[in-house]
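Engineer: Below is the file run-v8.cif, which contains mmCIF, C-alpha atoms.
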data_query
#
loop_
_atom_site.label_atom_id
_atom_site.label_comp_id
_atom_site.auth_asym_id
_atom_site.auth_seq_id
_atom_site.Cartn_x
_atom_site.Cartn_y
_atom_site.Cartn_z
CA MET A 1186 26.71 12.90 -73.11
CA SER A 1187 25.42 15.74 -71.06
CA ALA A 1188 21.81 14.72 -71.79
CA THR A 1189 22.43 11.21 -70.59
CA SER A 1190 24.03 12.53 -67.49
CA ALA A 1191 21.12 14.84 -66.90
CA THR A 1192 18.61 12.04 -67.37
CA THR A 1193 20.47 9.78 -65.03
CA THR A 1194 20.71 12.51 -62.49
CA GLY A 1195 17.04 13.36 -62.75
CA THR A 1196 15.79 9.79 -62.37
CA ALA A 1197 18.12 8.79 -59.54
CA SER A 1198 16.27 8.20 -56.23
CA PRO A 1199 17.38 10.32 -53.31
CA LEU A 1200 19.57 8.56 -50.78
CA PRO A 1201 17.86 7.92 -47.39
CA ASP A 1202 18.92 10.10 -44.49
CA ARG A 1203 21.34 8.29 -42.26
CA GLN A 1204 20.91 8.59 -38.50
CA PRO A 1205 24.04 9.45 -36.60
CA PRO A 1206 25.45 6.55 -34.62
CA PRO A 1207 24.34 6.48 -30.99
CA SER A 1208 26.72 8.09 -28.62
CA ALA A 1209 28.42 6.18 -25.80
CA ALA A 1210 26.06 7.77 -23.27
CA GLN A 1211 23.01 6.59 -25.26
CA GLN A 1212 24.45 3.10 -25.63
CA SER A 1213 24.97 2.81 -21.88
CA ALA A 1214 21.59 4.36 -21.01
CA SER A 1215 19.54 1.43 -22.17
CA PRO A 1216 21.10 -1.21 -19.85
CA SER A 1217 20.96 1.30 -17.00
CA HIS A 1218 17.24 1.88 -17.57
CA LEU A 1219 16.66 -1.86 -17.75
CA ARG A 1220 18.39 -2.35 -14.43
CA ARG A 1221 16.24 0.33 -12.84
CA ILE A 1222 13.08 -1.21 -14.23
CA ALA A 1223 14.19 -4.60 -12.92
CA VAL A 1224 14.78 -3.11 -9.47
CA VAL A 1225 11.25 -1.66 -9.41
CA VAL A 1226 9.69 -4.89 -10.68
CA VAL A 1227 11.49 -6.95 -8.03
CA LEU A 1228 11.26 -4.47 -5.16
CA ALA A 1229 7.50 -3.83 -5.38
CA PRO A 1230 6.40 -7.45 -4.77
CA VAL A 1231 9.04 -7.87 -2.06
CA LEU A 1232 7.69 -4.85 -0.19
CA ALA A 1233 4.13 -6.10 -0.70
CA ALA A 1234 5.06 -9.50 0.70
CA LEU A 1235 6.78 -7.91 3.71
CA ALA A 1236 3.77 -5.68 4.38
CA LEU A 1237 1.37 -8.62 4.16
CA TRP A 1238 3.57 -10.66 6.48
CA ALA A 1239 3.88 -7.82 8.99
CA PHE A 1240 0.21 -6.84 9.04
CA ALA A 1241 -1.72 -9.98 8.09
CA TRP A 1242 0.23 -12.73 9.84
CA PRO A 1243 -0.12 -11.37 13.41
CA ALA A 1244 -3.79 -10.60 12.79
CA ALA A 1245 -4.43 -14.11 11.50
CA ARG A 1246 -2.72 -15.64 14.55
CA THR A 1247 -4.43 -13.51 17.18
CA ALA A 1248 -5.06 -15.69 20.23
CA PRO A 1249 -4.02 -15.76 23.91
CA HIS A 1250 -0.32 -16.51 24.40
CA ASP A 1251 0.55 -16.65 28.11
CA LEU A 1252 -2.13 -14.04 28.74
CA PRO A 1253 -2.03 -13.02 32.44
CA LEU A 1254 -5.29 -14.15 34.05
CA GLY A 1255 -6.24 -14.28 37.72
CA VAL A 1256 -8.13 -16.94 39.66
CA ALA A 1257 -9.53 -15.84 43.01
CA GLY A 1258 -11.12 -17.77 45.87
CA PRO A 1259 -10.30 -20.64 48.22
CA ALA A 1260 -7.77 -23.11 46.81
CA THR A 1261 -10.18 -26.03 47.03
CA ALA A 1262 -12.85 -24.11 45.13
CA THR A 1263 -10.58 -22.71 42.43
CA ALA A 1264 -8.64 -25.92 41.68
CA GLN A 1265 -11.13 -27.12 39.09
CA VAL A 1266 -11.36 -23.71 37.38
CA GLN A 1267 -7.59 -23.40 37.25
CA LYS A 1268 -7.28 -26.90 35.80
CA GLN A 1269 -9.76 -26.07 33.06
CA LEU A 1270 -7.92 -22.86 32.17
CA GLU A 1271 -4.55 -24.61 32.13
CA ALA A 1272 -5.98 -27.19 29.72
CA HIS A 1273 -5.58 -24.49 27.06
CA GLU A 1274 -1.85 -25.11 26.84
CA GLY A 1275 0.15 -21.93 26.50
CA ALA A 1276 -2.94 -19.70 26.43
CA PHE A 1277 -3.02 -18.33 29.97
CA GLU A 1278 -0.55 -17.40 32.68
CA ILE A 1279 -2.48 -18.08 35.86
CA HIS A 1280 -2.12 -15.81 38.92
CA ARG A 1281 -3.70 -16.93 42.21
CA TYR A 1282 -5.46 -14.48 44.53
CA ALA A 1283 -7.11 -15.01 47.86
CA ASP A 1284 -10.31 -13.08 47.17
CA GLU A 1285 -12.12 -10.75 44.80
CA ALA A 1286 -10.59 -7.59 46.30
CA ALA A 1287 -7.07 -8.83 45.58
CA ALA A 1288 -8.06 -9.76 42.05
CA ARG A 1289 -9.53 -6.28 41.46
CA ASP A 1290 -6.30 -4.66 42.67
CA ALA A 1291 -4.30 -6.81 40.28
CA ILE A 1292 -6.51 -5.75 37.35
CA GLU A 1293 -6.26 -2.08 38.29
CA ASN A 1294 -2.46 -2.40 38.55
CA ARG A 1295 -2.36 -4.05 35.09
CA THR A 1296 -0.87 -7.24 36.49
CA VAL A 1297 -3.64 -9.32 34.86
CA TYR A 1298 -6.22 -8.64 32.16
CA GLY A 1299 -9.05 -10.26 34.11
CA ALA A 1300 -9.87 -12.74 36.83
CA VAL A 1301 -12.25 -15.60 37.48
CA VAL A 1302 -13.67 -15.33 40.99
CA VAL A 1303 -15.22 -18.52 42.40
CA THR A 1304 -18.20 -17.73 44.63
CA GLU A 1305 -21.00 -19.75 46.22
CA ARG A 1306 -23.27 -18.64 43.39
CA GLY A 1307 -20.84 -19.84 40.74
CA PRO A 1308 -17.95 -18.28 38.84
CA GLU A 1309 -17.80 -14.54 38.30
CA LEU A 1310 -15.62 -12.89 35.69
CA LEU A 1311 -13.79 -9.61 36.24
CA THR A 1312 -12.52 -7.85 33.11
CA ALA A 1313 -10.96 -4.55 32.07
CA SER A 1314 -12.17 -3.40 28.68
CA ALA A 1315 -9.90 -0.35 29.01
CA ALA A 1316 -6.89 -2.67 28.79
CA SER A 1317 -8.27 -4.39 25.69
CA PRO A 1318 -11.90 -4.77 24.61
CA LEU A 1319 -10.92 -7.78 22.50
CA VAL A 1320 -9.32 -9.55 25.47
CA ALA A 1321 -12.34 -8.81 27.67
CA GLN A 1322 -14.67 -10.29 25.06
CA SER A 1323 -12.43 -13.33 24.53
CA LEU A 1324 -12.26 -14.04 28.26
CA GLN A 1325 -16.02 -13.79 28.56
CA GLN A 1326 -16.49 -16.33 25.77
CA ALA A 1327 -13.85 -18.72 27.11
CA VAL A 1328 -15.17 -18.73 30.69
CA ALA A 1329 -18.77 -19.03 29.49
CA ARG A 1330 -17.88 -22.18 27.52
CA GLN A 1331 -16.25 -23.71 30.58
CA SER A 1332 -19.31 -23.01 32.73
CA GLY A 1333 -21.42 -25.11 30.37
CA GLY A 1334 -23.47 -22.21 29.05
CA ALA A 1335 -24.74 -21.18 32.49
CA PRO A 1336 -25.34 -17.44 33.01
CA LEU A 1337 -22.03 -15.76 33.79
CA LYS A 1338 -21.85 -12.58 35.81
CA THR A 1339 -19.27 -10.24 34.29
CA VAL A 1340 -18.00 -7.08 35.93
CA ASP A 1341 -15.97 -4.53 33.97
CA VAL A 1342 -13.58 -3.30 36.65
CA VAL A 1343 -11.83 -0.71 34.45
CA PRO A 1344 -14.18 0.15 31.57
CA ALA A 1345 -13.20 1.94 28.41
CA SER A 1346 -14.52 5.39 27.66
CA ALA A 1347 -18.28 5.50 27.14
CA ASP A 1348 -17.67 7.48 23.94
CA ASP A 1349 -15.25 4.84 22.65
CA PRO A 1350 -16.30 1.49 24.20
CA ARG A 1351 -14.41 -0.59 21.63
CA GLY A 1352 -11.20 1.38 21.94
CA ALA A 1353 -11.26 2.21 18.24
CA VAL A 1354 -9.86 5.73 18.68
CA LEU A 1355 -6.91 4.62 20.76
CA THR A 1356 -6.17 1.83 18.30
CA SER A 1357 -6.42 4.21 15.36
CA SER A 1358 -4.11 6.74 17.01
CA VAL A 1359 -1.05 4.50 16.61
CA LEU A 1360 -0.77 4.94 12.85
CA PRO A 1361 -1.16 8.76 12.78
CA MET A 1362 1.47 9.18 15.51
CA THR A 1363 3.83 6.92 13.59
CA LEU A 1364 3.23 8.77 10.32
CA ALA A 1365 3.68 12.14 12.02
CA GLY A 1366 6.96 11.02 13.53
CA ILE A 1367 8.27 9.68 10.21
CA ALA A 1368 7.23 12.88 8.42
CA ALA A 1369 8.87 15.12 11.02
CA GLY A 1370 12.14 13.20 10.91
CA ALA A 1371 12.17 13.20 7.10
CA VAL A 1372 11.33 16.91 6.77
CA VAL A 1373 14.02 17.95 9.26
CA THR A 1374 16.55 15.93 7.27
CA LEU A 1375 15.50 17.15 3.83
CA LEU A 1376 15.47 20.79 4.98
CA GLY A 1377 19.10 20.40 5.99
CA LEU A 1378 18.60 21.18 9.68
CA ARG A 1379 21.47 19.99 11.83
CA GLY A 1380 22.53 19.77 15.43
CA ARG A 1381 20.63 21.78 17.97
CA ARG A 1382 18.36 23.31 15.33
CA ALA A 1383 17.25 19.84 14.26
CA VAL A 1384 16.73 18.78 17.88
CA ALA A 1385 14.65 21.88 18.58
CA ALA A 1386 12.53 21.30 15.46
CA LEU A 1387 11.89 17.66 16.37
CA ILE A 1388 10.91 18.45 19.96
CA GLY A 1389 8.72 21.37 18.88
CA ALA A 1390 6.93 19.33 16.21
CA ALA A 1391 6.31 16.46 18.64
CA ALA A 1392 4.88 18.83 21.25
CA VAL A 1393 2.45 20.37 18.77
CA VAL A 1394 1.43 16.93 17.45
CA GLY A 1395 0.75 15.77 21.02
CA LEU A 1396 -1.45 18.78 21.77
CA VAL A 1397 -3.41 18.45 18.54
CA ALA A 1398 -3.87 14.69 18.96
CA ALA A 1399 -5.08 15.12 22.54
CA LEU A 1400 -7.57 17.77 21.40
CA VAL A 1401 -8.94 15.55 18.64
CA ALA A 1402 -8.92 12.14 20.35
CA GLY A 1403 -9.46 13.24 23.93
CA THR A 1404 -11.50 16.43 23.90
CA TRP A 1405 -13.48 16.05 20.68
CA LEU A 1406 -13.94 12.27 20.44
CA GLY A 1407 -13.86 11.65 24.19
CA ALA A 1408 -11.75 8.49 23.87
CA PHE A 1409 -9.60 9.08 26.96
CA THR A 1410 -10.58 9.52 30.59
CA GLY A 1411 -7.34 10.52 32.30
CA SER A 1412 -5.42 13.75 32.70
CA TRP A 1413 -5.50 15.70 29.44
CA TRP A 1414 -1.97 17.04 29.84
CA SER A 1415 -0.59 13.59 30.65
CA GLU A 1416 -2.24 12.15 27.56
CA ALA A 1417 -0.87 14.99 25.40
CA ALA A 1418 2.59 14.33 26.83
CA VAL A 1419 2.37 10.62 25.98
CA LEU A 1420 1.25 11.35 22.42
CA ALA A 1421 4.08 13.85 22.04
CA ALA A 1422 6.62 11.38 23.46
CA SER A 1423 5.44 8.69 21.03
CA THR A 1424 5.87 11.06 18.09
CA LEU A 1425 9.28 12.25 19.27
CA ALA A 1426 10.58 8.70 19.69
CA VAL A 1427 9.72 7.92 16.06
CA SER A 1428 10.90 11.23 14.58
CA ALA A 1429 14.17 11.20 16.53
CA ALA A 1430 14.91 7.66 15.37
CA VAL A 1431 14.27 8.54 11.72
CA ALA A 1432 16.27 11.78 11.86
CA GLY A 1433 19.07 10.08 13.79
CA LEU A 1434 19.44 7.30 11.25
CA ALA A 1435 19.41 9.87 8.45
CA ALA A 1436 22.09 11.93 10.20
CA LEU A 1437 24.38 8.89 10.38
CA LEU A 1438 23.48 7.07 7.15
CA GLY A 1439 22.27 9.86 4.90
CA THR A 1440 18.96 9.80 3.01
CA PRO A 1441 18.73 5.95 3.12
CA GLY A 1442 18.37 6.31 6.87
CA ILE A 1443 14.91 7.80 6.33
CA GLY A 1444 13.82 4.66 4.49
CA LEU A 1445 15.30 2.39 7.15
CA GLY A 1446 13.61 4.28 9.97
CA ALA A 1447 10.28 4.33 8.14
CA PHE A 1448 10.55 0.60 7.47
CA VAL A 1449 11.17 -0.25 11.13
CA MET A 1450 8.47 2.02 12.51
CA MET A 1451 5.80 1.38 9.88
CA LEU A 1452 6.24 -2.26 8.88
CA LEU A 1453 7.32 -3.55 12.30
CA GLY A 1454 6.31 -1.07 14.97
CA ASN A 1455 2.76 -0.45 13.78
CA PRO A 1456 1.47 -4.03 13.22
CA PHE A 1457 3.48 -5.41 16.16
CA SER A 1458 2.14 -2.80 18.60
CA GLY A 1459 -0.76 -4.95 19.82
CA ALA A 1460 -2.88 -1.81 20.15
CA SER A 1461 -5.96 -3.44 18.64
CA SER A 1462 -5.75 -6.47 20.94
CA ALA A 1463 -2.85 -6.89 23.38
CA PRO A 1464 0.81 -7.86 23.13
CA GLU A 1465 -0.03 -11.25 24.64
CA MET A 1466 -2.57 -11.85 21.88
CA LEU A 1467 0.11 -11.78 19.18
CA PRO A 1468 2.30 -14.76 18.24
CA ALA A 1469 5.70 -14.91 19.92
CA PRO A 1470 7.98 -13.03 19.73
CA VAL A 1471 5.96 -10.40 17.85
CA GLY A 1472 4.25 -9.02 20.95
CA THR A 1473 7.55 -8.60 22.80
CA ILE A 1474 9.27 -6.95 19.82
CA GLY A 1475 6.34 -4.58 19.43
CA GLN A 1476 6.74 -3.33 23.00
CA TRP A 1477 10.40 -2.52 22.31
CA LEU A 1478 9.39 -0.16 19.49
CA PRO A 1479 7.81 3.30 19.94
CA PRO A 1480 4.33 2.55 18.48
CA GLY A 1481 3.72 -0.37 20.84
CA ALA A 1482 5.25 1.32 23.86
CA GLY A 1483 3.26 4.49 23.13
CA ALA A 1484 -0.05 2.60 22.95
CA SER A 1485 0.64 0.77 26.23
CA LEU A 1486 1.68 3.97 27.97
CA LEU A 1487 -1.41 5.79 26.72
CA ARG A 1488 -3.67 3.07 28.17
CA SER A 1489 -1.86 3.21 31.51
CA VAL A 1490 -2.05 6.99 31.78
CA SER A 1491 -5.59 7.34 30.50
CA PHE A 1492 -7.37 4.53 32.33
CA PHE A 1493 -5.13 3.03 35.05
CA ASP A 1494 -3.70 6.09 36.84
CA GLY A 1495 -0.25 5.38 35.46
CA ALA A 1496 -0.04 1.73 36.55
CA ALA A 1497 2.62 -0.27 34.66
CA ALA A 1498 3.76 2.90 32.91
CA SER A 1499 7.47 2.73 33.76
CA GLY A 1500 8.38 0.11 31.14
CA PRO A 1501 6.86 1.79 28.06
CA ALA A 1502 7.92 5.23 29.31
CA LEU A 1503 11.52 4.04 29.53
CA THR A 1504 11.29 2.59 26.01
CA LEU A 1505 10.12 5.89 24.55
CA THR A 1506 12.79 7.77 26.52
CA TRP A 1507 15.74 5.78 25.26
CA TRP A 1508 14.48 5.81 21.66
CA SER A 1509 14.23 9.61 21.86
CA ALA A 1510 17.59 9.98 23.61
CA LEU A 1511 19.42 7.72 21.17
CA GLY A 1512 17.78 9.37 18.16
CA LEU A 1513 18.52 12.93 19.27
CA GLY A 1514 22.04 11.90 20.24
CA ALA A 1515 22.54 10.46 16.75
CA VAL A 1516 21.33 13.76 15.25
CA LEU A 1517 23.93 15.69 17.25
CA LEU A 1518 26.66 13.15 16.50
CA GLY A 1519 25.91 13.15 12.78
CA SER A 1520 26.02 16.94 12.71
CA ALA A 1521 29.38 16.99 14.50
CA LEU A 1522 30.86 14.42 12.13
CA LYS A 1523 29.65 16.37 9.10
CA ARG A 1524 31.13 19.62 10.40
CA ARG A 1525 34.45 17.92 10.99
CA LYS A 1526 34.41 16.44 7.51
CA GLU A 1527 33.61 19.81 5.93
CA SER A 1528 36.33 21.62 7.86
CA ALA A 1529 39.03 19.05 7.03
CA PRO A 1530 39.67 20.23 3.40
CA ALA A 1531 39.99 23.84 4.53
CA THR A 1532 42.59 22.87 7.11
CA THR A 1533 44.49 20.83 4.52
CA GLU A 1534 44.57 23.79 2.08
CA ARG A 1535 45.93 26.18 4.71
CA GLU A 1536 48.81 23.91 5.69
CA PRO A 1537 50.75 24.25 2.34
CA ALA A 1538 50.25 28.00 2.41
CA LEU A 1539 51.77 28.21 5.87
CA ALA A 1540 54.62 25.95 4.81
CA GLY A 1541 55.38 28.21 1.79
#
Could I get this file's structure written as structure tokens?
Structural biologist:
Amino acid sequence: MSATSATTTGTASPLPDRQPPPSAAQQSASPSHLRRIAVVVVLAPVLAALALWAFAWPAARTAPHDLPLGVAGPATATAQVQKQLEAHEGAFEIHRYADEAAARDAIENRTVYGAVVVTERGPELLTASAASPLVAQSLQQAVARQSGGAPLKTVDVVPASADDPRGAVLTSSVLPMTLAGIAAGAVVTLLGLRGRRAVAALIGAAAVVGLVAALVAGTWLGAFTGSWWSEAAVLAASTLAVSAAVAGLAALLGTPGIGLGAFVMMLLGNPFSGASSAPEMLPAPVGTIGQWLPPGAGASLLRSVSFFDGAAASGPALTLTWWSALGLGAVLLGSALKRRKESAPATTEREPALAG
């Protein structure tokens, strides 16, 4: 009996190890991970589509849209030229001037991007490559086609910098200023700076960014021709408007405010700025929206200060000012609200003690 038992025991196969049943946390982790994966899979193409729409669509639709253009000379002589320009429906906003001197003043004051002057020798085109090299080139091509291929005299009334004739440096400066502003606003938030400390950090960072950018773009690359200090101030103001907006949204909304501010400034402000062409070269209402945002206003203000002695600077300067003021005000307000919220529990705990 014992031998049989021993044999049976010796030949019996060992039972497989059983895994412990998954805990409730493990059971709920799998659906949670699936939801997160689904969010990433859906969010990535949505962001890609938004970025393509924001950057590619305006670029693909670049063309004159009510572009301010002057026509100078006697009314009888300019009637035919004006009629030909107005045949491009919606392309140009025609301004009439008595003579070439008046047209030049309008270009220097940034009222128009160029002007066609009718003379006894034929039409003459006045442009301002400092306002937009792309617009100046487009006007030259359009007027040349209307003149039937005849030689067209073109005068660049306000030229771009000789070291940057295509305006590439100014155009490229929009993105770095936007990125610097987003980074400054995010860092101030993540470091936990509040109230006046946060305001001081934002203003100080913007000032340093403006000085560095003016040294690189203005002094080293020679892209600007105006007052160095004025250009540094504009670059600093552009950075502050972005950083204050990002930090202000974060102060009111928490960390998601950083993402919202970055989305507005990067995916709307940067491609809608019109820095590479002109606001009037973008499809409506993209050009107008871009001038309401810091990147577009900063680019327009930089052109005015650097090349046009501050002409037409009040509008973009006001835009940067109220973005900065609202953003810094939101930083102070968010700090005050957080202090009040933190002090409320302490006050509530003291009240029962006093009552006892």
Engineer: Give as a ChimeraX atom specification the set of residues within 6 Å of the point (-11.8, -6.6, 28.0), where distances use the file's coordinates and only C-alpha atoms.
Structural biologist: /A:1312-1314,1317-1322
Engineer: Would you work out the distance separating CA of Ala1436 in chain A from CA of Leu1378 in chain A, expressed in Å to one decimal?
Structural biologist: 9.9 Å
Engineer: Using all atoms listed in the file, which protein or nucleic acid residues come within 9 Å of range 1518-1531 of chain A? Drop anything in the same chain fewer than 6 positions from it, and give the result as a compact mmCIF listing (two decimals) with C-alpha atoms, keeping the file's coordinate frame.
Structural biologist:
# COMPACT_ATOMS: atom_id res chain seq x y z
CA ARG A 1379 21.47 19.99 11.83
CA GLY A 1380 22.53 19.77 15.43
CA ARG A 1381 20.63 21.78 17.97
CA GLY A 1433 19.07 10.08 13.79
CA LEU A 1434 19.44 7.30 11.25
CA ALA A 1435 19.41 9.87 8.45
CA ALA A 1436 22.09 11.93 10.20
CA LEU A 1437 24.38 8.89 10.38
CA LEU A 1438 23.48 7.07 7.15
Engineer: Measuring atom to atom with all atoms listed in the file, identify which of A:Phe1448, A:Phe1457, A:Tyr1282, A:Phe1493 is nearest to Ser1412 in chain A.
Structural biologist: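 Under the stated criterion, the closest residue is A:Phe1493.
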Engineer: Using only C-alpha atoms, which of A:Ala1484, A:Gly1442, A:Gly1475, A:Asn1455 sits nearest Gly1512 in chain A?
Structural biologist: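 The closest residue to Gly1512 in chain A is A:Gly1442.
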Engineer: Hey, which of A:Ala1257, A:Ala1233, A:Leu1364, A:Ala1286 ends up closest to Val1302 in chain A? Count only C-alpha atoms.
Structural biologist: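 Closest residue, counting only C-alpha atoms: A:Ala1257.
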Engineer: To test your reading of the syntax: which residues would the PyMOL selection byres ((chain A and resi 1392-1403) around 7) return for the file shown? Reply as a list of chain:residue names.
Structural biologist: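 Against this file, the PyMOL selection byres ((chain A and resi 1392-1403) around 7) returns the residues A:Val1354, A:Ile1388, A:Gly1389, A:Ala1390, A:Ala1391, A:Thr1404, A:Trp1405, A:Leu1406, A:Gly1407, A:Ala1408, A:Phe1409, A:Trp1413, A:Glu1416, A:Ala1417, A:Ala1418, A:Leu1420, A:Ala1421.
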Engineer: I need the residues from that last selection saved to file as a PDB file, in the frame of the given file (with C-alpha atoms), if you can.
Structural biologist:
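result-v6.pdb, written as the output of this step:
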ATOM      1  CA  VAL A1354      -9.860   5.730  18.680  1.00  0.00           C
ATOM      2  CA  ILE A1388      10.910  18.450  19.960  1.00  0.00           C
ATOM      3  CA  GLY A1389       8.720  21.370  18.880  1.00  0.00           C
ATOM      4  CA  ALA A1390       6.930  19.330  16.210  1.00  0.00           C
ATOM      5  CA  ALA A1391       6.310  16.460  18.640  1.00  0.00           C
ATOM      6  CA  THR A1404     -11.500  16.430  23.900  1.00  0.00           C
ATOM      7  CA  TRP A1405     -13.480  16.050  20.680  1.00  0.00           C
ATOM      8  CA  LEU A1406     -13.940  12.270  20.440  1.00  0.00           C
ATOM      9  CA  GLY A1407     -13.860  11.650  24.190  1.00  0.00           C
ATOM     10  CA  ALA A1408     -11.750   8.490  23.870  1.00  0.00           C
ATOM     11  CA  PHE A1409      -9.600   9.080  26.960  1.00  0.00           C
ATOM     12  CA  TRP A1413      -5.500  15.700  29.440  1.00  0.00           C
ATOM     13  CA  GLU A1416      -2.240  12.150  27.560  1.00  0.00           C
ATOM     14  CA  ALA A1417      -0.870  14.990  25.400  1.00  0.00           C
ATOM     15  CA  ALA A1418       2.590  14.330  26.830  1.00  0.00           C
ATOM     16  CA  LEU A1420       1.250  11.350  22.420  1.00  0.00           C
ATOM     17  CA  ALA A1421       4.080  13.850  22.040  1.00  0.00           C
TER      18      ALA A1421
END
Engineer: For the structure provided, state which residues fall under the PyMOL selection byres ((chain A and resi 1502) around 9), and present them as a JSON list (two decimals) with C-alpha atoms, in the frame of the given file.
Structural biologist:
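result.json, written as the output of this step:
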[["chain", "number", "residue", "atom", "x", "y", "z"],
["A", 1419, "VAL", "CA", 2.37, 10.62, 25.98],
["A", 1422, "ALA", "CA", 6.62, 11.38, 23.46],
["A", 1482, "ALA", "CA", 5.25, 1.32, 23.86],
["A", 1483, "GLY", "CA", 3.26, 4.49, 23.13],
["A", 1486, "LEU", "CA", 1.68, 3.97, 27.97],
["A", 1498, "ALA", "CA", 3.76, 2.90, 32.91],
["A", 1499, "SER", "CA", 7.47, 2.73, 33.76],
["A", 1500, "GLY", "CA", 8.38, 0.11, 31.14],
["A", 1501, "PRO", "CA", 6.86, 1.79, 28.06],
["A", 1503, "LEU", "CA", 11.52, 4.04, 29.53],
["A", 1504, "THR", "CA", 11.29, 2.59, 26.01],
["A", 1505, "LEU", "CA", 10.12, 5.89, 24.55],
["A", 1506, "THR", "CA", 12.79, 7.77, 26.52],
["A", 1507, "TRP", "CA", 15.74, 5.78, 25.26]]
